[in-house]
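Notes follow the structure.
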Amino acid sequence: MIVVEDLWKTFKLTRQQRKEKGNHSQDGKVDAVAGISFTCQPGRIFSLIGPNGAGKTTTLRMIATLLKPSKGSVTVSGFDTVKQPLEVKKKLGFLTGTTKLYDRLTAEELVKYYADLQGMDKSSFEKRKDELFTLLDMNDFAKWRIAKLSSGMRQKVSIVRTIIHDPEVVVFDEPTVGLDVITAKNIIELIRNCKNDGKTVIFSTHIMGEVSLLSDDMALIHKGKLIYNGTYKDFQSGMRGESLEEEFIKLIQEVRS
Amino acid sequence: MRNSLVVFLKELKDTLRDRRTIIFMVAIPLLVFPVLISIASGMIISQAKKAQAKTLEIGLIRHGNAAEFSMELLKNANVEIREDIEEEQAKALIRQDELDALIIFEKDFDRKVEDFSQGRIRLLMKMTEDSEIEKSRVLKLLTQFEDTLRMKRFQKMDLDESIIKTIKISEQNLATAKEQLAEAVGGFLPYMFIIFCFMGAMYPAIDLAAGEKERGTLETLLTSPVDRFQILLGKLGVVMLAGMISALVAMLGLYLGIRRMTDLPPELLKTVMSILEVNTILILLSLLVPLTIFFAALLLSLSIFARSYKEAQSILSPLMFVVIIPAFMGLLPGMNLTMGTAVIPILNVSLATKAIIAETITVPQLAAVYLSLITLAVVSIYVCSKIYGRESAIFR
């Protein structure tokens with residue numbers, strides 16, 4: 001389970017960033033996330049949606065312990081991300097759409113590296129690796145270097161890397177961005193499988209089709225603030241527009257005005 | 001420590017499979033010395049041999065004087081003289097490299113010498129570095145002629161030559177061969193090690209920090225249940241090892257280069273080889289260890305600030321000058337290891353190496369060098385770990 005409570009993240013802008021963003025505030029600070037709260041339950045998929053720069057990635061990075069909250073708290077499987085980051089990381093799998101892999105390692109070496117960092121022993125690693133490599137049809141290219149793999153094969157390696165230690169919580173940051181249809185389908189399947197395995201899943205996306213396809217719960221975020229937080233069903237039933245996209249745009253425009 | 005070892009082994013494997021790093025870490029340091037030595041020594045030796053073996057063509061305008069000198073030159077098999085020549089014609093021939101020198105005796109040369117005054121001789125030739133050997137050969141001929149004239153003058157006066165030489169200095173060089181060698185090349189040696197050590201560490205440092213950031217793999221690495229300091233230690237170990245290997249390979253290249261030098265006098269070769277004894281190499285390595293830690297921490301700290309591989313290259317490349325300047329200062333004449341210079345990083349390695357080769361280093365000096373380098377290494381690791389803990393550096 002992930003519990004986010006009154007979460008804030010304030011960044012200090014550089015002079016160049018202030019110029020680019022037109023930020024004229026005296027202290028030169030910006031609230032990337034401004035007091036959001038939500039809960040992600042095990043066995044359910046939580047989607048975090050919002051336009052570019054809304055604060056989705058910052059929120060997910062705070063959940064994954066990569067960034068420290070300026071205020072508020074995040075607990076993952078009962079562990080505080082600031083006080084017990086190593087415990088949180090043991091429970092967590094993290095995948096982003098933009099993450100690449102180590103080109104000079106083989107698929108197997110790469111997965112082994114992450115398993116070693118997770119502290120897995122040899123026998124449980126071998127067992128889990130065989131299971132996942134067979135499930136995703138990866139045995140043929142297990143000994144190939146990453147540089148020689150197609151984008152679909154690489155994505156499969158990324159998936160195995162993320163879940164090799166069988167994490168309780170999986171965080172996906174725009175996992176299908178830039179992927180072809182078939183590879184994106186693999187990711188969608190992975191997210192569903194994680195849910196079916198009883199894991200807590202949170203993912204951020206721009207693609208409304210994925211939201212309708214996967215979400216049990218959702219949060220709409222804009223300029224670091226939560227606009228909607230509830231079940232996807234409730235959101236759908238309260239829709240005034242014809243499609244999810246239209247409703248999404250309407251909500252953003254209402255906040256802007 | 002287990003996690004640091006996991007990171008270290010993975011990064012080592014990754015680095016050893018990177019062609020670019022291998023070129024900078026092994027190929028260049030290994031080849032540069034043998035290639036440089038064989039090209040330079042080959043050129044110098046062949047030029048010298050050519051100049052020594054060459055028949056000197058000398059134009060001689062005597063105005064009827066110095067017949068004896070002319071006779072002496074005729075006896076010399078390596079000299080050809082031309083007496084049927086005008087001054088302007090000879091000058092033109094020298095400029096066209098068809099004549100090596102022109103010697104002109106003044107009209108009343110013989111009379112002046114007879115009268116116990118100075119007879120004047122003009123020597124015209126191309127006085128460039130390339131014709132140094134030819135010049136020394138011509139001067140030697142003239143000096144021999146002068147000696148003959150002086151002896152004759154003394155005989156005429158019934159005097160012994162020692163009358164004008166009030167003292168006779170007999171020099172005895174007490175500097176050991178190693179000391180002389182340390183003076184000549186001792187500064188150059190660490191200069192090259194330091195540069196190769198830095199260069200060898202630079203590319204892995206860029207790949208392991210900025211490269212990882214650019215690929216986005218740093219994010220996934222940092223979500224592993226491993227302390228950032230442990231990750232840093234693993235990376236630091238590989239960058240350090242790369243720098244050390246590079247410096248060692250450069251040493252090996254130097255050794256091979258010297259072994260290939262067939263024209264080196266055996267005594268000098270023996271002295272050079274004695275520098276490459278196990279003890280000397282171990283002391284040099286013990287100096288390189290803390291220096292490489294400093295380089296590794298410095299390079300990783302700066303590399304993590306960069307957003308991409310290219311940006312890291314542009315940040316780190318100018319740093320080479322910061323390393324070269326103190327390393328180069330060790331080459332300057334009169335620059336020696338003192339308690340003051342022993343605490344200046346990089347310069348101290350350069351000067352200490354010189355002193356180790358010359359076997360003149362003292363224990364307090366060596367201790368000061370170690371203390372300075374170890375302090376620097378510890379401080380640089382601390383600063384680097386602070387930078388790796390900063391969100392603004394990691395997610396810049």
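Order determines the names: the first chain of the structure tokens is A, the second B, and so forth; residues in each chain are numbered 1 upward, and ligands are numbered 1 upward as they are shown.
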Leu117 in chain A environment, 9 Å, only C-alpha atoms, sequence neighbours closer than 2 positions dropped, as a PDB file with C-alpha atoms, in the first residue's frame:
```
ATOM      1  CA  LYS A 112      21.446 -10.435 -12.179  1.00  0.00           C
ATOM      2  CA  TYR A 113      22.984  -7.059 -11.289  1.00  0.00           C
ATOM      3  CA  TYR A 114      19.676  -5.690 -10.033  1.00  0.00           C
ATOM      4  CA  ALA A 115      18.884  -8.956  -8.248  1.00  0.00           C
ATOM      5  CA  GLY A 119      20.181  -8.945  -2.013  1.00  0.00           C
ATOM      6  CA  MET A 120      18.593 -12.004  -3.681  1.00  0.00           C
TER       7      MET A 120
ATOM      8  CA  ASN B   3      26.833  -3.852  -2.318  1.00  0.00           C
ATOM      9  CA  VAL B   6      28.424  -5.718  -6.622  1.00  0.00           C
ATOM     10  CA  VAL B   7      28.532  -2.202  -8.118  1.00  0.00           C
ATOM     11  CA  LEU B 221      20.103   2.208  -9.612  1.00  0.00           C
ATOM     12  CA  SER B 224      17.788  -0.279  -5.369  1.00  0.00           C
ATOM     13  CA  PRO B 225      18.093  -0.866  -1.619  1.00  0.00           C
ATOM     14  CA  VAL B 226      21.702   0.292  -1.549  1.00  0.00           C
TER      15      VAL B 226
END
```
- Task: Identify all chain B residues at most 9 Å from chain A by counting only C-alpha atoms; ligands do not count. Present them as a ChimeraX atom specification.
- Result: /B:3,6-7,10,13-15,17-18,212,214-227,391-392
Deliver the residues from the most recent selection as a file, using N, CA and C atoms, as a tab-separated table (two decimals), in the first residue's frame.
```
chain	number	residue	atom	x	y	z
B	3	ASN	N	27.47	-4.60	-1.24
B	3	ASN	CA	26.83	-3.85	-2.32
B	3	ASN	C	27.85	-3.06	-3.14
B	6	VAL	N	29.34	-5.41	-5.50
B	6	VAL	CA	28.42	-5.72	-6.62
B	6	VAL	C	28.52	-4.60	-7.67
B	7	VAL	N	28.45	-3.35	-7.20
B	7	VAL	CA	28.53	-2.20	-8.12
B	7	VAL	C	29.90	-2.20	-8.80
B	10	LYS	N	30.22	-4.97	-11.48
B	10	LYS	CA	29.41	-4.66	-12.68
B	10	LYS	C	30.04	-3.54	-13.48
B	13	LYS	N	33.17	-4.71	-15.34
B	13	LYS	CA	32.83	-5.50	-16.53
B	13	LYS	C	32.38	-4.57	-17.66
B	14	ASP	N	31.52	-3.63	-17.29
B	14	ASP	CA	30.97	-2.68	-18.25
B	14	ASP	C	32.10	-1.82	-18.87
B	15	THR	N	33.01	-1.38	-18.00
B	15	THR	CA	34.11	-0.52	-18.45
B	15	THR	C	35.07	-1.29	-19.36
B	17	ARG	N	34.43	-3.55	-21.29
B	17	ARG	CA	33.83	-3.84	-22.59
B	17	ARG	C	33.68	-2.57	-23.44
B	18	ASP	N	34.10	-1.45	-22.88
B	18	ASP	CA	33.98	-0.19	-23.61
B	18	ASP	C	35.27	0.08	-24.39
B	212	GLU	N	25.60	7.46	-17.04
B	212	GLU	CA	24.50	6.76	-16.36
B	212	GLU	C	23.29	7.69	-16.20
B	214	GLU	N	22.59	10.23	-18.22
B	214	GLU	CA	22.03	10.44	-19.55
B	214	GLU	C	21.14	9.26	-19.96
B	215	ARG	N	21.59	8.04	-19.64
B	215	ARG	CA	20.81	6.85	-20.00
B	215	ARG	C	19.57	6.70	-19.14
B	216	GLY	N	19.54	7.36	-17.99
B	216	GLY	CA	18.40	7.24	-17.08
B	216	GLY	C	18.55	6.04	-16.16
B	217	THR	N	19.68	5.34	-16.25
B	217	THR	CA	19.87	4.15	-15.42
B	217	THR	C	20.20	4.53	-13.97
B	218	LEU	N	20.63	5.78	-13.78
B	218	LEU	CA	20.96	6.21	-12.42
B	218	LEU	C	19.72	6.16	-11.52
B	219	GLU	N	18.59	6.55	-12.11
B	219	GLU	CA	17.32	6.52	-11.36
B	219	GLU	C	17.01	5.12	-10.86
B	220	THR	N	17.13	4.15	-11.76
B	220	THR	CA	16.79	2.78	-11.37
B	220	THR	C	17.81	2.24	-10.37
B	221	LEU	N	19.06	2.65	-10.54
B	221	LEU	CA	20.10	2.21	-9.61
B	221	LEU	C	19.82	2.76	-8.21
B	222	LEU	N	19.38	4.03	-8.17
B	222	LEU	CA	19.13	4.65	-6.87
B	222	LEU	C	17.85	4.15	-6.21
B	223	THR	N	17.00	3.44	-6.96
B	223	THR	CA	15.81	2.84	-6.32
B	223	THR	C	16.14	1.44	-5.78
B	224	SER	N	17.38	1.00	-5.96
B	224	SER	CA	17.79	-0.28	-5.37
B	224	SER	C	18.09	-0.04	-3.89
B	225	PRO	N	17.89	-1.07	-3.06
B	225	PRO	CA	18.09	-0.87	-1.62
B	225	PRO	C	19.58	-0.81	-1.23
B	226	VAL	N	20.26	0.13	-1.80
B	226	VAL	CA	21.70	0.29	-1.55
B	226	VAL	C	21.95	1.75	-1.20
B	227	ASP	N	22.76	1.96	-0.18
B	227	ASP	CA	23.10	3.31	0.24
B	227	ASP	C	23.89	4.00	-0.88
B	391	GLU	N	20.10	16.19	-4.34
B	391	GLU	CA	19.10	15.97	-5.39
B	391	GLU	C	19.39	16.86	-6.60
B	392	SER	N	19.85	18.09	-6.32
B	392	SER	CA	20.07	19.04	-7.42
B	392	SER	C	21.16	18.57	-8.37
```
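Each of A:Ser73, A:Gln16, A:Gln155, A:Asn186 was compared to Gly35 in chain A using only C-alpha atoms, and A:Ser73 turns out to be the nearest.
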Find the residues near Arg150 in chain B: any atom within 12 Å, counting only C-alpha atoms, skip ones fewer than 4 places away on the same chain, and give them as an mmCIF file with N, CA and C atoms, in the first residue's frame.
```cif
data_model
loop_
_atom_site.group_PDB
_atom_site.id
_atom_site.type_symbol
_atom_site.label_atom_id
_atom_site.label_comp_id
_atom_site.auth_asym_id
_atom_site.auth_seq_id
_atom_site.Cartn_x
_atom_site.Cartn_y
_atom_site.Cartn_z
ATOM 1 N N VAL B 113 100.552 36.606 -36.223
ATOM 2 C CA VAL B 113 100.856 35.479 -35.328
ATOM 3 C C VAL B 113 102.346 35.490 -34.979
ATOM 4 N N GLU B 114 103.168 35.770 -36.001
ATOM 5 C CA GLU B 114 104.619 35.872 -35.784
ATOM 6 C C GLU B 114 104.946 36.977 -34.791
ATOM 7 N N PHE B 116 103.404 37.992 -32.308
ATOM 8 C CA PHE B 116 102.757 37.764 -31.002
ATOM 9 C C PHE B 116 101.454 38.534 -30.809
ATOM 10 N N SER B 117 100.796 38.864 -31.916
ATOM 11 C CA SER B 117 99.450 39.442 -31.741
ATOM 12 C C SER B 117 98.422 38.443 -32.293
ATOM 13 N N GLN B 118 97.165 38.831 -32.230
ATOM 14 C CA GLN B 118 96.105 37.882 -32.613
ATOM 15 C C GLN B 118 95.837 37.904 -34.106
ATOM 16 N N GLY B 119 95.863 36.731 -34.695
ATOM 17 C CA GLY B 119 95.478 36.628 -36.095
ATOM 18 C C GLY B 119 93.987 36.352 -36.164
ATOM 19 N N THR B 143 90.363 24.802 -33.420
ATOM 20 C CA THR B 143 90.979 24.760 -32.089
ATOM 21 C C THR B 143 92.301 24.002 -32.134
ATOM 22 N N GLN B 144 92.309 22.906 -32.896
ATOM 23 C CA GLN B 144 93.558 22.129 -33.031
ATOM 24 C C GLN B 144 94.643 22.999 -33.654
ATOM 25 N N PHE B 145 94.249 23.803 -34.663
ATOM 26 C CA PHE B 145 95.198 24.698 -35.332
ATOM 27 C C PHE B 145 95.713 25.754 -34.345
ATOM 28 N N GLU B 146 94.803 26.285 -33.545
ATOM 29 C CA GLU B 146 95.182 27.291 -32.550
ATOM 30 C C GLU B 146 96.183 26.701 -31.544
ATOM 31 N N PHE B 154 105.085 29.353 -27.759
ATOM 32 C CA PHE B 154 105.726 29.085 -26.471
ATOM 33 C C PHE B 154 107.150 28.550 -26.643
ATOM 34 N N GLN B 155 107.302 27.684 -27.663
ATOM 35 C CA GLN B 155 108.639 27.125 -27.928
ATOM 36 C C GLN B 155 109.606 28.244 -28.309
ATOM 37 N N LYS B 156 109.066 29.175 -29.124
ATOM 38 C CA LYS B 156 109.885 30.299 -29.580
ATOM 39 C C LYS B 156 110.360 31.142 -28.397
ATOM 40 N N MET B 157 109.465 31.275 -27.438
ATOM 41 C CA MET B 157 109.780 32.099 -26.269
ATOM 42 C C MET B 157 110.496 31.283 -25.189
ATOM 43 N N LEU B 159 109.286 28.955 -23.341
ATOM 44 C CA LEU B 159 108.437 28.925 -22.135
ATOM 45 C C LEU B 159 107.637 27.628 -22.094
ATOM 46 N N ASP B 160 107.292 27.289 -20.861
ATOM 47 C CA ASP B 160 106.430 26.118 -20.717
ATOM 48 C C ASP B 160 104.968 26.579 -20.776
ATOM 49 N N GLU B 161 104.124 25.756 -21.344
ATOM 50 C CA GLU B 161 102.709 26.138 -21.505
ATOM 51 C C GLU B 161 102.025 26.404 -20.164
ATOM 52 N N SER B 162 102.535 25.719 -19.111
ATOM 53 C CA SER B 162 101.879 25.840 -17.798
ATOM 54 C C SER B 162 101.977 27.253 -17.222
ATOM 55 N N ILE B 164 100.935 29.983 -18.400
ATOM 56 C CA ILE B 164 99.688 30.769 -18.492
ATOM 57 C C ILE B 164 98.525 30.047 -17.820
#
```
Q: List every residue of range 128-307 of chain B that DSSP, applied to the backbone of this structure, places in alpha helix (DSSP H), and write the result as a PyMOL selection string.
A: chain B and resi 132-156+177-185+188-206+212-215+217-222+228-260+266-275+278-305
Residue neighbourhood Leu226 in chain A, 9 Å, only C-alpha atoms, exclusion window fewer than 3 positions, as a PDB file with C-alpha atoms, in the first residue's frame:
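Produced file out18.pdb, reproduced below:
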```
ATOM      1  CA  ALA A  34       1.605  21.294  -3.386  1.00  0.00           C
ATOM      2  CA  GLY A  35      -0.120  19.370  -0.627  1.00  0.00           C
ATOM      3  CA  ILE A  36      -1.484  16.260  -2.307  1.00  0.00           C
ATOM      4  CA  SER A  37      -2.866  13.223  -0.501  1.00  0.00           C
ATOM      5  CA  ALA A 219      -5.901  11.160  -9.395  1.00  0.00           C
ATOM      6  CA  LEU A 220      -5.811  14.165 -11.690  1.00  0.00           C
ATOM      7  CA  ILE A 221      -3.004  16.534 -10.896  1.00  0.00           C
ATOM      8  CA  HIS A 222      -2.369  20.033 -12.252  1.00  0.00           C
ATOM      9  CA  LYS A 223       0.373  22.477 -11.204  1.00  0.00           C
ATOM     10  CA  ASN A 229      -8.996  11.814  -6.436  1.00  0.00           C
TER      11      ASN A 229
END
```
Practice problem: Write down as a PyMOL selection string the residues of range 111-358 of chain B whose backbone DSSP state falls under strand (DSSP E or B). | Solution: chain B and resi 121-125
Give me the residues within 6 Å of Ser246 in chain B as a short mmCIF file (atom, residue, chain, number, x, y, z; two decimals) with N, CA and C atoms, in the first residue's frame, counting only C-alpha atoms and dropping any in the same chain fewer than 4 places off.
```
data_model
loop_
_atom_site.label_atom_id
_atom_site.label_comp_id
_atom_site.auth_asym_id
_atom_site.auth_seq_id
_atom_site.Cartn_x
_atom_site.Cartn_y
_atom_site.Cartn_z
N MET B 25 42.74 3.82 -21.75
CA MET B 25 43.30 3.26 -20.52
C MET B 25 44.52 2.37 -20.81
N VAL B 26 44.49 1.65 -21.92
CA VAL B 26 45.57 0.68 -22.18
C VAL B 26 46.35 0.99 -23.47
N PHE B 196 48.71 10.32 -17.61
CA PHE B 196 48.04 9.07 -18.03
C PHE B 196 47.06 8.58 -16.96
N CYS B 197 47.44 8.76 -15.72
CA CYS B 197 46.57 8.37 -14.61
C CYS B 197 45.26 9.15 -14.70
N GLY B 200 43.33 8.13 -18.01
CA GLY B 200 42.75 6.79 -17.90
C GLY B 200 41.52 6.79 -17.02
#
```
